Amino acid sequence: VSLPIVYSQHAMSAPAETAVYERYNLYVSPDKLFLEPCDRFGGVKSQLHLQIDRHSNSIGLFETAGNHIPVADCDIFLIYGIIGTIQLVSGQALIVIKNAEVAGQLNGHDIWRVLSTEIIPFKKTTLHLTQKQTWFNRQFTEMVQTVLGTPGFYFSYTADITHSFQWMAENASPQFYQRSLIDRAEERFTWNGYCLQRLRGVPNAHQYCLPLMHGFFGSVTQQIGSNRFKLILISRRSIQRAGVRFYKRGVNTEGHCANFVETEQIVEMLREGPQKTVTAFLQTRGSIPLFWSQKPNLRWQPCPMLRPTDDQLQAYVRHFKSQAEHYRGKQVIVNLVNSKGRERRVGGELERISLQANLPGVRYNPFDFHKECHAMNWDRISVLKGQLRPEITEFGFFASCPDQPGQNRMQQGIYRTNCMDCLDRTNVVQSMIARESLTDQLMALGVLTGGRRVEDLEELERVFKFLWADNGDECSRQYAGTGALKADFTRLGKRTYAGALNDGVNAITRYFKNNFNDGHRQDSIDLFLGNFRVEPDHLPSTFETTLLALDYHGVAIVAAAFAVAMVVLCLLVSENLSATLFWLVVVMFCLAFIFLNGEEFVNTPKLKQD
């Protein structure tokens, strides 16, 4: 579809008066925190500065000339940005970016990756807290640090990276581009929206509000003949139903699904002039859009659960209604779950509901990935490519070509890919779809001619694979706690025994993290996003419980450990066969009890129940 789009370098920019300040001198005094805007070379950028009163918790802008900063009484730090404020037990706390690096450029704008952060309590001391409150305050502080320590937080001082090129071309008015970055940011993909609420309430403080995206950003520069271009990949993780692998599955009552990620593959031609030729292709991934759960219970793969009383049709319809509001045209569901075994129940239900709903513009495309590609027969993925290729051509891609307005176009449909986790199989298939689209994009731009394809150019194919493998690893770490499985196929184009061994290590690591750490990670995400809010006088009683409490959970674990010790002692010291067998039976009994009641022994979320 040809449209009169002229997409200049400045279209995605915030005007100079609304762009976010690049650096701050942070002055920390016993009574106040002062944030003085400066440029990356240390020059002062504004006659105003932000003050936070550490006693009254008030935040405001003040003229530096009439309200001098007591430099001699302050500790001084250079920071890269303000993430926001958050309520802890001791009171409010300021979260800042201590260090960041440029991850690449998008349409002439620097995109930054967060490297380290710091939490600065407004209160100088915790002496006003009880012993119990002090413990909770420390726990909540560590939980915020857990979230911010997860890789994949990105930002830009001058560009909106929370919206796709196509969305901005379709929806953004001239007035939209005059708004500040935080007012323009897509709520679904702004991870510090809750933390910035107080700062956004301060008049004229918009230049201090830095939107933070979570996901992936990668960029490589290539030259083919006389054509030089950037290949850019952006994945945006949604805050709606955000969480970790087994504790966030399916959709909620509003139709928002777990592990929803929007991925945009961009080609930016590197030519002189302010108006860039840009093409972009969008895909999404997300948990199977039904009401279902898969709680960890110490088994290698917990059985997915569907409740007969849930209205699955309503869940499905609401989700795709929400999708239609954000993405134009036809939607293709690429379902990669197994047609047999434990996955069949959820995958089969998705097929049944899709047929029952029969939504216009939504097509269901099942592909049993493990069955088709078993025993490392990964060339069988070409079967799926054959099923999807006609619509890849039909959907096309977004294109803004200022020199050739007749080549401007919009993407006319979108692929929504899922497996059970929406990680490993999903990333392999998304990269396959993206490669086909990239060939189409480069052909339309005149970069590929004579019937050549991406896979025909060794260097382009190599950087494409590595970019998508890095994307898969980062998305996997954020949801499952490890790098992606099957990454060797994405990275090298083939399955290897070294890759299979690495998959085994990652699978074992996932098992222990998912069972014994993910409850804490889910609580941390809920705290940071504001799904749970700290009330110092009403602290959650369940948060203090541990597996080693004085109940049958603790007794079973202590008994198992003691029995194991006795088995070792009998073998090494007494050499008493009957005693060894007795304690071995005790060990087996305790372990059987623990595994039969597995859900009660895993690390579960305690702040907010799904």
# chains A, B, ... in the order shown; residues from 1 in each chain; ligands from 1
>>> select_by_dssp(residues="range 77-208 of chain A", states="alpha helix (DSSP H)", output="compact mmCIF listing (two decimals) with all heavy atoms, in the first residue's frame")
# COMPACT_ATOMS: atom_id res chain seq x y z
N GLN A 131 12.91 -3.45 64.24
CA GLN A 131 13.76 -4.50 63.68
C GLN A 131 13.07 -5.20 62.52
O GLN A 131 13.69 -5.49 61.48
CB GLN A 131 14.12 -5.52 64.77
CG GLN A 131 15.10 -6.58 64.30
CD GLN A 131 15.50 -7.53 65.43
OE1 GLN A 131 15.07 -7.37 66.56
NE2 GLN A 131 16.32 -8.52 65.11
N LYS A 132 11.78 -5.45 62.68
CA LYS A 132 11.01 -6.09 61.61
C LYS A 132 10.95 -5.19 60.37
O LYS A 132 11.16 -5.66 59.24
CB LYS A 132 9.60 -6.40 62.10
CG LYS A 132 8.69 -7.01 61.04
CD LYS A 132 7.30 -7.27 61.61
CE LYS A 132 6.36 -7.82 60.54
NZ LYS A 132 4.99 -8.08 61.08
N GLN A 133 10.69 -3.91 60.55
CA GLN A 133 10.62 -2.98 59.43
C GLN A 133 11.96 -2.85 58.72
O GLN A 133 12.02 -2.75 57.50
CB GLN A 133 10.13 -1.61 59.91
CG GLN A 133 8.66 -1.56 60.27
CD GLN A 133 8.26 -0.20 60.82
OE1 GLN A 133 9.03 0.46 61.53
NE2 GLN A 133 7.06 0.23 60.48
N THR A 134 13.04 -2.87 59.49
CA THR A 134 14.38 -2.79 58.91
C THR A 134 14.63 -3.99 58.00
O THR A 134 15.19 -3.86 56.90
CB THR A 134 15.45 -2.74 60.01
OG1 THR A 134 15.21 -1.59 60.83
CG2 THR A 134 16.85 -2.65 59.42
N TRP A 135 14.21 -5.18 58.45
CA TRP A 135 14.37 -6.39 57.64
C TRP A 135 13.59 -6.28 56.34
O TRP A 135 14.11 -6.57 55.27
CB TRP A 135 13.91 -7.61 58.44
CG TRP A 135 14.10 -8.91 57.71
CD1 TRP A 135 15.21 -9.70 57.69
CD2 TRP A 135 13.13 -9.57 56.86
NE1 TRP A 135 15.00 -10.81 56.90
CE2 TRP A 135 13.74 -10.75 56.37
CE3 TRP A 135 11.83 -9.28 56.48
CZ2 TRP A 135 13.08 -11.64 55.53
CZ3 TRP A 135 11.18 -10.16 55.62
CH2 TRP A 135 11.80 -11.33 55.16
N PHE A 136 12.34 -5.83 56.43
CA PHE A 136 11.51 -5.67 55.23
C PHE A 136 12.11 -4.61 54.30
O PHE A 136 12.10 -4.77 53.08
CB PHE A 136 10.08 -5.27 55.62
CG PHE A 136 9.17 -6.43 55.85
CD1 PHE A 136 8.95 -6.93 57.12
CD2 PHE A 136 8.51 -7.04 54.79
CE1 PHE A 136 8.10 -8.01 57.34
CE2 PHE A 136 7.66 -8.11 54.98
CZ PHE A 136 7.45 -8.61 56.27
N ASN A 137 12.61 -3.52 54.86
CA ASN A 137 13.18 -2.45 54.04
C ASN A 137 14.36 -2.97 53.24
O ASN A 137 14.51 -2.66 52.05
CB ASN A 137 13.61 -1.29 54.94
CG ASN A 137 13.94 -0.05 54.14
OD1 ASN A 137 13.06 0.57 53.55
ND2 ASN A 137 15.22 0.34 54.13
N ARG A 138 15.19 -3.78 53.88
CA ARG A 138 16.35 -4.35 53.20
C ARG A 138 15.90 -5.30 52.09
O ARG A 138 16.45 -5.30 50.98
CB ARG A 138 17.25 -5.06 54.20
CG ARG A 138 18.53 -5.61 53.58
CD ARG A 138 19.50 -6.10 54.65
NE ARG A 138 18.92 -7.18 55.47
CZ ARG A 138 18.55 -7.04 56.73
NH1 ARG A 138 18.68 -5.86 57.34
NH2 ARG A 138 18.04 -8.06 57.40
N GLN A 139 14.88 -6.12 52.38
CA GLN A 139 14.37 -7.06 51.38
C GLN A 139 13.81 -6.34 50.17
O GLN A 139 14.10 -6.69 49.02
CB GLN A 139 13.29 -7.96 51.99
CG GLN A 139 13.77 -8.89 53.08
CD GLN A 139 14.79 -9.89 52.57
OE1 GLN A 139 14.60 -10.52 51.53
NE2 GLN A 139 15.89 -10.03 53.30
N PHE A 140 13.00 -5.31 50.39
CA PHE A 140 12.39 -4.58 49.28
C PHE A 140 13.44 -3.85 48.45
O PHE A 140 13.34 -3.77 47.23
CB PHE A 140 11.33 -3.60 49.80
CG PHE A 140 10.08 -4.26 50.33
CD1 PHE A 140 9.44 -3.78 51.45
CD2 PHE A 140 9.56 -5.38 49.70
CE1 PHE A 140 8.29 -4.39 51.95
CE2 PHE A 140 8.40 -6.00 50.18
CZ PHE A 140 7.78 -5.51 51.30
N THR A 141 14.45 -3.30 49.12
CA THR A 141 15.54 -2.62 48.39
C THR A 141 16.27 -3.61 47.49
O THR A 141 16.56 -3.32 46.32
CB THR A 141 16.53 -1.98 49.37
OG1 THR A 141 15.84 -1.06 50.22
CG2 THR A 141 17.64 -1.24 48.64
N GLU A 142 16.56 -4.80 48.01
CA GLU A 142 17.25 -5.82 47.22
C GLU A 142 16.38 -6.29 46.06
O GLU A 142 16.90 -6.63 44.98
CB GLU A 142 17.63 -7.00 48.11
CG GLU A 142 18.73 -6.68 49.11
CD GLU A 142 19.01 -7.82 50.07
OE1 GLU A 142 18.26 -8.84 50.01
OE2 GLU A 142 19.93 -7.71 50.90
N MET A 143 15.07 -6.30 46.24
CA MET A 143 14.17 -6.73 45.17
C MET A 143 14.18 -5.75 44.01
O MET A 143 14.18 -6.14 42.84
CB MET A 143 12.76 -6.92 45.72
CG MET A 143 12.64 -8.15 46.62
SD MET A 143 11.16 -8.14 47.65
CE MET A 143 9.89 -8.33 46.43
N VAL A 144 14.19 -4.45 44.31
CA VAL A 144 14.29 -3.44 43.25
C VAL A 144 15.61 -3.60 42.51
O VAL A 144 15.68 -3.53 41.28
CB VAL A 144 14.14 -2.02 43.82
CG1 VAL A 144 14.36 -0.97 42.74
CG2 VAL A 144 12.76 -1.83 44.45
N GLN A 145 16.69 -3.86 43.27
CA GLN A 145 18.00 -4.07 42.65
C GLN A 145 18.01 -5.33 41.79
O GLN A 145 18.70 -5.37 40.75
CB GLN A 145 19.08 -4.15 43.73
CG GLN A 145 19.32 -2.83 44.45
CD GLN A 145 20.18 -2.98 45.69
OE1 GLN A 145 20.26 -4.06 46.29
NE2 GLN A 145 20.84 -1.90 46.09
N THR A 146 17.24 -6.35 42.18
CA THR A 146 17.14 -7.57 41.38
C THR A 146 16.57 -7.28 40.00
O THR A 146 17.07 -7.76 38.98
CB THR A 146 16.25 -8.60 42.10
OG1 THR A 146 16.90 -9.03 43.30
CG2 THR A 146 15.99 -9.83 41.22
N VAL A 147 15.50 -6.48 39.95
CA VAL A 147 14.89 -6.14 38.66
C VAL A 147 15.86 -5.34 37.81
O VAL A 147 16.09 -5.64 36.63
CB VAL A 147 13.58 -5.35 38.87
CG1 VAL A 147 13.01 -4.89 37.53
CG2 VAL A 147 12.56 -6.21 39.61
N LEU A 148 16.45 -4.29 38.41
CA LEU A 148 17.33 -3.41 37.64
C LEU A 148 18.65 -4.08 37.28
O LEU A 148 19.36 -3.62 36.39
CB LEU A 148 17.57 -2.11 38.42
CG LEU A 148 16.32 -1.24 38.58
CD1 LEU A 148 16.60 -0.08 39.52
CD2 LEU A 148 15.85 -0.73 37.23
N PHE A 165 8.13 2.19 14.10
CA PHE A 165 8.08 3.17 13.01
C PHE A 165 6.67 3.23 12.42
O PHE A 165 6.15 4.31 12.13
CB PHE A 165 9.08 2.78 11.93
CG PHE A 165 10.48 3.26 12.19
CD1 PHE A 165 11.35 2.50 12.96
CD2 PHE A 165 10.93 4.47 11.69
CE1 PHE A 165 12.63 2.94 13.21
CE2 PHE A 165 12.21 4.92 11.94
CZ PHE A 165 13.07 4.15 12.70
N GLN A 166 6.06 2.07 12.22
CA GLN A 166 4.74 2.05 11.59
C GLN A 166 3.70 2.73 12.47
O GLN A 166 2.86 3.49 11.97
CB GLN A 166 4.30 0.62 11.28
CG GLN A 166 2.88 0.52 10.75
CD GLN A 166 2.69 -0.57 9.72
OE1 GLN A 166 3.56 -0.83 8.91
NE2 GLN A 166 1.54 -1.20 9.74
N TRP A 167 3.74 2.49 13.78
CA TRP A 167 2.76 3.12 14.67
C TRP A 167 2.87 4.64 14.57
O TRP A 167 1.86 5.35 14.49
CB TRP A 167 2.97 2.68 16.11
CG TRP A 167 1.88 3.18 17.02
CD1 TRP A 167 0.75 2.53 17.39
CD2 TRP A 167 1.82 4.48 17.64
NE1 TRP A 167 -0.03 3.34 18.21
CE2 TRP A 167 0.61 4.54 18.36
CE3 TRP A 167 2.66 5.59 17.65
CZ2 TRP A 167 0.23 5.67 19.10
CZ3 TRP A 167 2.28 6.72 18.37
CH2 TRP A 167 1.08 6.75 19.09
N MET A 168 4.12 5.15 14.59
CA MET A 168 4.29 6.60 14.56
C MET A 168 3.84 7.18 13.22
O MET A 168 3.23 8.26 13.17
CB MET A 168 5.74 6.96 14.85
CG MET A 168 6.10 6.75 16.32
SD MET A 168 7.70 7.43 16.81
CE MET A 168 8.79 6.16 16.20
N ALA A 169 4.09 6.47 12.13
CA ALA A 169 3.66 6.96 10.82
C ALA A 169 2.13 6.97 10.71
O ALA A 169 1.55 7.86 10.07
CB ALA A 169 4.26 6.11 9.71
N GLU A 170 1.48 6.00 11.34
CA GLU A 170 0.01 5.88 11.25
C GLU A 170 -0.72 6.79 12.22
O GLU A 170 -1.80 7.30 11.91
CB GLU A 170 -0.42 4.44 11.53
CG GLU A 170 -0.17 3.46 10.42
CD GLU A 170 -0.72 2.09 10.75
OE1 GLU A 170 -0.42 1.55 11.82
OE2 GLU A 170 -1.48 1.56 9.93
N ASN A 171 -0.15 6.99 13.39
CA ASN A 171 -0.93 7.59 14.49
C ASN A 171 -0.43 8.94 14.98
O ASN A 171 -1.19 9.66 15.61
CB ASN A 171 -0.95 6.64 15.70
CG ASN A 171 -1.60 5.32 15.38
OD1 ASN A 171 -2.81 5.21 15.29
ND2 ASN A 171 -0.77 4.29 15.20
N PRO A 174 1.44 16.12 14.22
CA PRO A 174 2.48 17.10 14.54
C PRO A 174 2.47 17.50 16.02
O PRO A 174 3.52 17.73 16.61
CB PRO A 174 2.13 18.29 13.64
CG PRO A 174 1.42 17.67 12.48
CD PRO A 174 0.63 16.53 13.05
N GLN A 175 1.27 17.55 16.61
CA GLN A 175 1.18 17.89 18.03
C GLN A 175 1.80 16.79 18.90
O GLN A 175 2.39 17.08 19.94
CB GLN A 175 -0.29 18.09 18.43
CG GLN A 175 -0.96 19.32 17.82
CD GLN A 175 -1.29 19.14 16.35
OE1 GLN A 175 -1.46 18.01 15.87
NE2 GLN A 175 -1.40 20.24 15.61
N PHE A 176 1.68 15.56 18.45
CA PHE A 176 2.26 14.44 19.20
C PHE A 176 3.77 14.61 19.31
O PHE A 176 4.36 14.38 20.37
CB PHE A 176 1.93 13.12 18.49
CG PHE A 176 2.56 11.90 19.11
CD1 PHE A 176 1.98 11.28 20.21
CD2 PHE A 176 3.73 11.37 18.59
CE1 PHE A 176 2.56 10.15 20.78
CE2 PHE A 176 4.31 10.24 19.15
CZ PHE A 176 3.72 9.64 20.24
N TYR A 177 4.42 15.04 18.24
CA TYR A 177 5.87 15.17 18.25
C TYR A 177 6.35 16.36 19.08
O TYR A 177 7.55 16.47 19.35
CB TYR A 177 6.39 15.30 16.81
CG TYR A 177 6.26 14.02 16.02
CD1 TYR A 177 5.47 13.95 14.88
CD2 TYR A 177 6.92 12.87 16.43
CE1 TYR A 177 5.33 12.78 14.17
CE2 TYR A 177 6.79 11.69 15.72
CZ TYR A 177 6.00 11.64 14.59
OH TYR A 177 5.87 10.47 13.90
N LEU A 181 9.13 13.27 25.85
CA LEU A 181 9.33 11.84 25.61
C LEU A 181 8.47 10.98 26.53
O LEU A 181 7.91 9.97 26.10
CB LEU A 181 10.81 11.48 25.79
CG LEU A 181 11.73 11.82 24.62
CD1 LEU A 181 13.17 11.42 24.95
CD2 LEU A 181 11.28 11.13 23.34
N ILE A 182 8.34 11.37 27.79
CA ILE A 182 7.56 10.53 28.71
C ILE A 182 6.08 10.61 28.39
O ILE A 182 5.35 9.63 28.55
CB ILE A 182 7.82 10.93 30.19
CG1 ILE A 182 7.18 9.92 31.14
CG2 ILE A 182 7.34 12.34 30.48
CD1 ILE A 182 7.68 8.50 30.98
N ASP A 183 5.61 11.75 27.89
CA ASP A 183 4.19 11.86 27.51
C ASP A 183 3.90 11.12 26.21
O ASP A 183 2.77 10.72 25.95
CB ASP A 183 3.79 13.33 27.38
CG ASP A 183 3.73 14.03 28.73
OD1 ASP A 183 3.51 13.34 29.74
OD2 ASP A 183 3.94 15.25 28.77
N ARG A 184 4.93 10.95 25.38
CA ARG A 184 4.77 10.23 24.13
C ARG A 184 4.91 8.72 24.30
O ARG A 184 4.42 7.94 23.48
CB ARG A 184 5.84 10.69 23.12
CG ARG A 184 5.60 12.04 22.55
CD ARG A 184 6.81 12.49 21.73
NE ARG A 184 7.23 11.51 20.75
CZ ARG A 184 8.23 11.68 19.90
NH1 ARG A 184 8.91 12.82 19.92
NH2 ARG A 184 8.56 10.75 19.03
N GLN A 197 5.80 8.39 38.42
CA GLN A 197 4.52 9.07 38.68
C GLN A 197 4.70 10.35 39.50
O GLN A 197 4.13 11.39 39.17
CB GLN A 197 3.56 8.12 39.39
CG GLN A 197 2.93 7.09 38.47
CD GLN A 197 1.95 6.17 39.19
OE1 GLN A 197 1.77 6.26 40.41
NE2 GLN A 197 1.33 5.27 38.45
N ARG A 198 5.49 10.30 40.56
CA ARG A 198 5.68 11.50 41.40
C ARG A 198 6.39 12.60 40.62
O ARG A 198 6.02 13.77 40.69
CB ARG A 198 6.48 11.17 42.65
CG ARG A 198 5.69 10.48 43.75
CD ARG A 198 6.30 10.77 45.11
NE ARG A 198 6.19 12.17 45.48
CZ ARG A 198 6.89 12.75 46.46
NH1 ARG A 198 7.78 12.04 47.14
NH2 ARG A 198 6.74 14.02 46.75
N LEU A 199 7.42 12.24 39.88
CA LEU A 199 8.20 13.24 39.15
C LEU A 199 7.36 13.87 38.04
O LEU A 199 7.49 15.07 37.76
CB LEU A 199 9.46 12.59 38.57
CG LEU A 199 10.58 13.53 38.10
CD1 LEU A 199 10.97 14.50 39.20
CD2 LEU A 199 11.78 12.71 37.65
N ARG A 200 6.50 13.10 37.41
CA ARG A 200 5.64 13.64 36.36
C ARG A 200 4.63 14.64 36.92
O ARG A 200 4.10 15.48 36.18
CB ARG A 200 4.90 12.51 35.63
CG ARG A 200 5.81 11.63 34.80
CD ARG A 200 5.03 10.57 34.04
NE ARG A 200 4.27 11.14 32.94
CZ ARG A 200 3.53 10.44 32.10
NH1 ARG A 200 3.44 9.12 32.26
NH2 ARG A 200 2.88 11.02 31.11
>>> residues_around(residues="Pro151 in chain A", least_positions_apart="3", cutoff="10 Å", atoms="only C-alpha atoms", output="MDAnalysis selection string")
chainID A and resid 113:115 147:148 154 214:216 474:475 477:478
>>> residues_around(residues="Asn427 in chain A", least_positions_apart="6", cutoff="10 Å", atoms="only C-alpha atoms", output="ChimeraX atom specification")
/A:285,417-419,433,468-469,471-473,475-476,484-487,490
>>> write_last_selection(atoms="all heavy atoms", output="short mmCIF file (atom, residue, chain, number, x, y, z; two decimals), in the first residue's frame")
data_model
loop_
_atom_site.label_atom_id
_atom_site.label_comp_id
_atom_site.auth_asym_id
_atom_site.auth_seq_id
_atom_site.Cartn_x
_atom_site.Cartn_y
_atom_site.Cartn_z
N ARG A 285 5.41 -11.97 19.99
CA ARG A 285 5.34 -13.27 20.65
C ARG A 285 4.59 -13.07 21.95
O ARG A 285 4.59 -11.98 22.53
CB ARG A 285 6.74 -13.82 20.92
CG ARG A 285 7.54 -13.06 21.96
CD ARG A 285 8.86 -13.72 22.29
NE ARG A 285 9.86 -13.55 21.25
CZ ARG A 285 11.07 -14.11 21.31
NH1 ARG A 285 11.40 -14.87 22.33
NH2 ARG A 285 11.95 -13.90 20.34
N THR A 417 3.70 -15.45 17.23
CA THR A 417 4.27 -16.78 17.41
C THR A 417 4.30 -17.16 18.88
O THR A 417 4.58 -16.32 19.74
CB THR A 417 5.71 -16.82 16.84
OG1 THR A 417 5.68 -16.35 15.49
CG2 THR A 417 6.27 -18.23 16.86
N ASN A 418 3.99 -18.44 19.15
CA ASN A 418 4.09 -18.92 20.54
C ASN A 418 4.52 -20.38 20.56
O ASN A 418 4.23 -21.15 19.64
CB ASN A 418 2.76 -18.77 21.28
CG ASN A 418 1.70 -19.75 20.82
OD1 ASN A 418 0.84 -19.39 20.02
ND2 ASN A 418 1.72 -20.98 21.33
N CYS A 419 5.24 -20.74 21.60
CA CYS A 419 5.39 -22.14 22.00
C CYS A 419 4.89 -22.16 23.45
O CYS A 419 3.98 -21.39 23.76
CB CYS A 419 6.83 -22.64 21.83
SG CYS A 419 8.11 -21.58 22.51
N ILE A 433 11.22 -16.17 9.85
CA ILE A 433 10.28 -15.24 9.21
C ILE A 433 10.99 -13.92 8.91
O ILE A 433 10.83 -13.34 7.83
CB ILE A 433 9.06 -15.01 10.13
CG1 ILE A 433 8.27 -16.31 10.32
CG2 ILE A 433 8.17 -13.90 9.57
CD1 ILE A 433 7.18 -16.21 11.38
N TRP A 468 19.94 -12.11 15.91
CA TRP A 468 18.74 -12.80 16.39
C TRP A 468 19.06 -13.75 17.55
O TRP A 468 18.23 -13.92 18.46
CB TRP A 468 18.07 -13.55 15.25
CG TRP A 468 17.07 -12.68 14.55
CD1 TRP A 468 17.28 -11.90 13.46
CD2 TRP A 468 15.72 -12.44 14.95
NE1 TRP A 468 16.14 -11.20 13.13
CE2 TRP A 468 15.17 -11.52 14.03
CE3 TRP A 468 14.93 -12.91 15.98
CZ2 TRP A 468 13.85 -11.07 14.13
CZ3 TRP A 468 13.60 -12.48 16.07
CH2 TRP A 468 13.09 -11.56 15.16
N ALA A 469 20.26 -14.36 17.55
CA ALA A 469 20.63 -15.21 18.67
C ALA A 469 20.81 -14.38 19.94
O ALA A 469 20.40 -14.80 21.03
CB ALA A 469 21.92 -15.97 18.34
N ASN A 471 19.29 -11.58 20.58
CA ASN A 471 17.92 -11.22 20.96
C ASN A 471 17.26 -12.35 21.73
O ASN A 471 16.63 -12.13 22.78
CB ASN A 471 17.11 -10.89 19.71
CG ASN A 471 15.64 -10.65 20.00
OD1 ASN A 471 15.26 -9.67 20.60
ND2 ASN A 471 14.80 -11.59 19.56
N GLY A 472 17.41 -13.58 21.24
CA GLY A 472 16.81 -14.73 21.91
C GLY A 472 17.39 -14.94 23.30
O GLY A 472 16.66 -15.24 24.25
N ASP A 473 18.71 -14.80 23.43
CA ASP A 473 19.35 -14.98 24.73
C ASP A 473 18.86 -13.94 25.74
O ASP A 473 18.57 -14.27 26.90
CB ASP A 473 20.87 -14.87 24.59
CG ASP A 473 21.49 -16.15 24.03
OD1 ASP A 473 20.84 -17.20 24.11
OD2 ASP A 473 22.64 -16.09 23.54
N CYS A 475 16.03 -12.08 25.73
CA CYS A 475 14.62 -12.28 26.09
C CYS A 475 14.47 -13.48 27.02
O CYS A 475 13.64 -13.48 27.93
CB CYS A 475 13.78 -12.47 24.83
SG CYS A 475 13.57 -10.98 23.83
N SER A 476 15.27 -14.52 26.79
CA SER A 476 15.20 -15.72 27.62
C SER A 476 15.69 -15.45 29.04
O SER A 476 15.10 -15.92 30.01
CB SER A 476 16.02 -16.84 26.98
OG SER A 476 15.97 -18.02 27.76
N ALA A 484 18.86 -18.60 25.78
CA ALA A 484 17.91 -19.41 25.04
C ALA A 484 18.47 -20.79 24.73
O ALA A 484 19.68 -20.97 24.57
CB ALA A 484 17.52 -18.72 23.73
N LEU A 485 17.58 -21.78 24.67
CA LEU A 485 17.93 -23.09 24.14
C LEU A 485 17.86 -23.02 22.61
O LEU A 485 17.24 -22.13 22.05
CB LEU A 485 16.98 -24.16 24.67
CG LEU A 485 16.76 -24.22 26.19
CD1 LEU A 485 15.89 -25.41 26.55
CD2 LEU A 485 18.08 -24.27 26.95
N LYS A 486 18.49 -23.98 21.96
CA LYS A 486 18.50 -24.05 20.49
C LYS A 486 19.17 -22.83 19.87
O LYS A 486 18.99 -22.52 18.69
CB LYS A 486 17.09 -24.21 19.93
CG LYS A 486 16.32 -25.39 20.52
CD LYS A 486 14.88 -25.42 20.04
CE LYS A 486 14.14 -26.62 20.62
NZ LYS A 486 13.99 -26.56 22.09
N ALA A 487 19.98 -22.11 20.67
CA ALA A 487 20.62 -20.89 20.17
C ALA A 487 21.67 -21.20 19.11
O ALA A 487 21.97 -20.34 18.27
CB ALA A 487 21.26 -20.12 21.33
N THR A 490 20.04 -20.84 15.72
CA THR A 490 19.84 -19.45 15.36
C THR A 490 21.17 -18.78 15.01
O THR A 490 21.27 -18.01 14.07
CB THR A 490 19.17 -18.68 16.52
OG1 THR A 490 18.02 -19.40 16.94
CG2 THR A 490 18.76 -17.28 16.09
#
>>> residues_around(residues="Arg307 in chain A", least_positions_apart="3", cutoff="9 Å", atoms="only C-alpha atoms", output="PyMOL selection string")
chain A and resi 291-292+310
>>> closest_residue(among="A:Pro402, A:Gly218, A:Gly450, A:Gly361", to="Lys330 in chain A", atoms="only C-alpha atoms")
A:Gly361
>>> residues_around(residues="Gln430 in chain A", least_positions_apart="4", cutoff="9 Å", atoms="only C-alpha atoms", output="list in words")
Gln283, Thr284, Arg285, Tyr415, Thr417, Arg425, Thr426, Ala434, Arg435 and Trp468 of chain A
>>> select_by_dssp(residues="range 372-427 of chain A", states="strand (DSSP E or B)", output="number ranges by chain")
A: 398-400, 409, 413-418
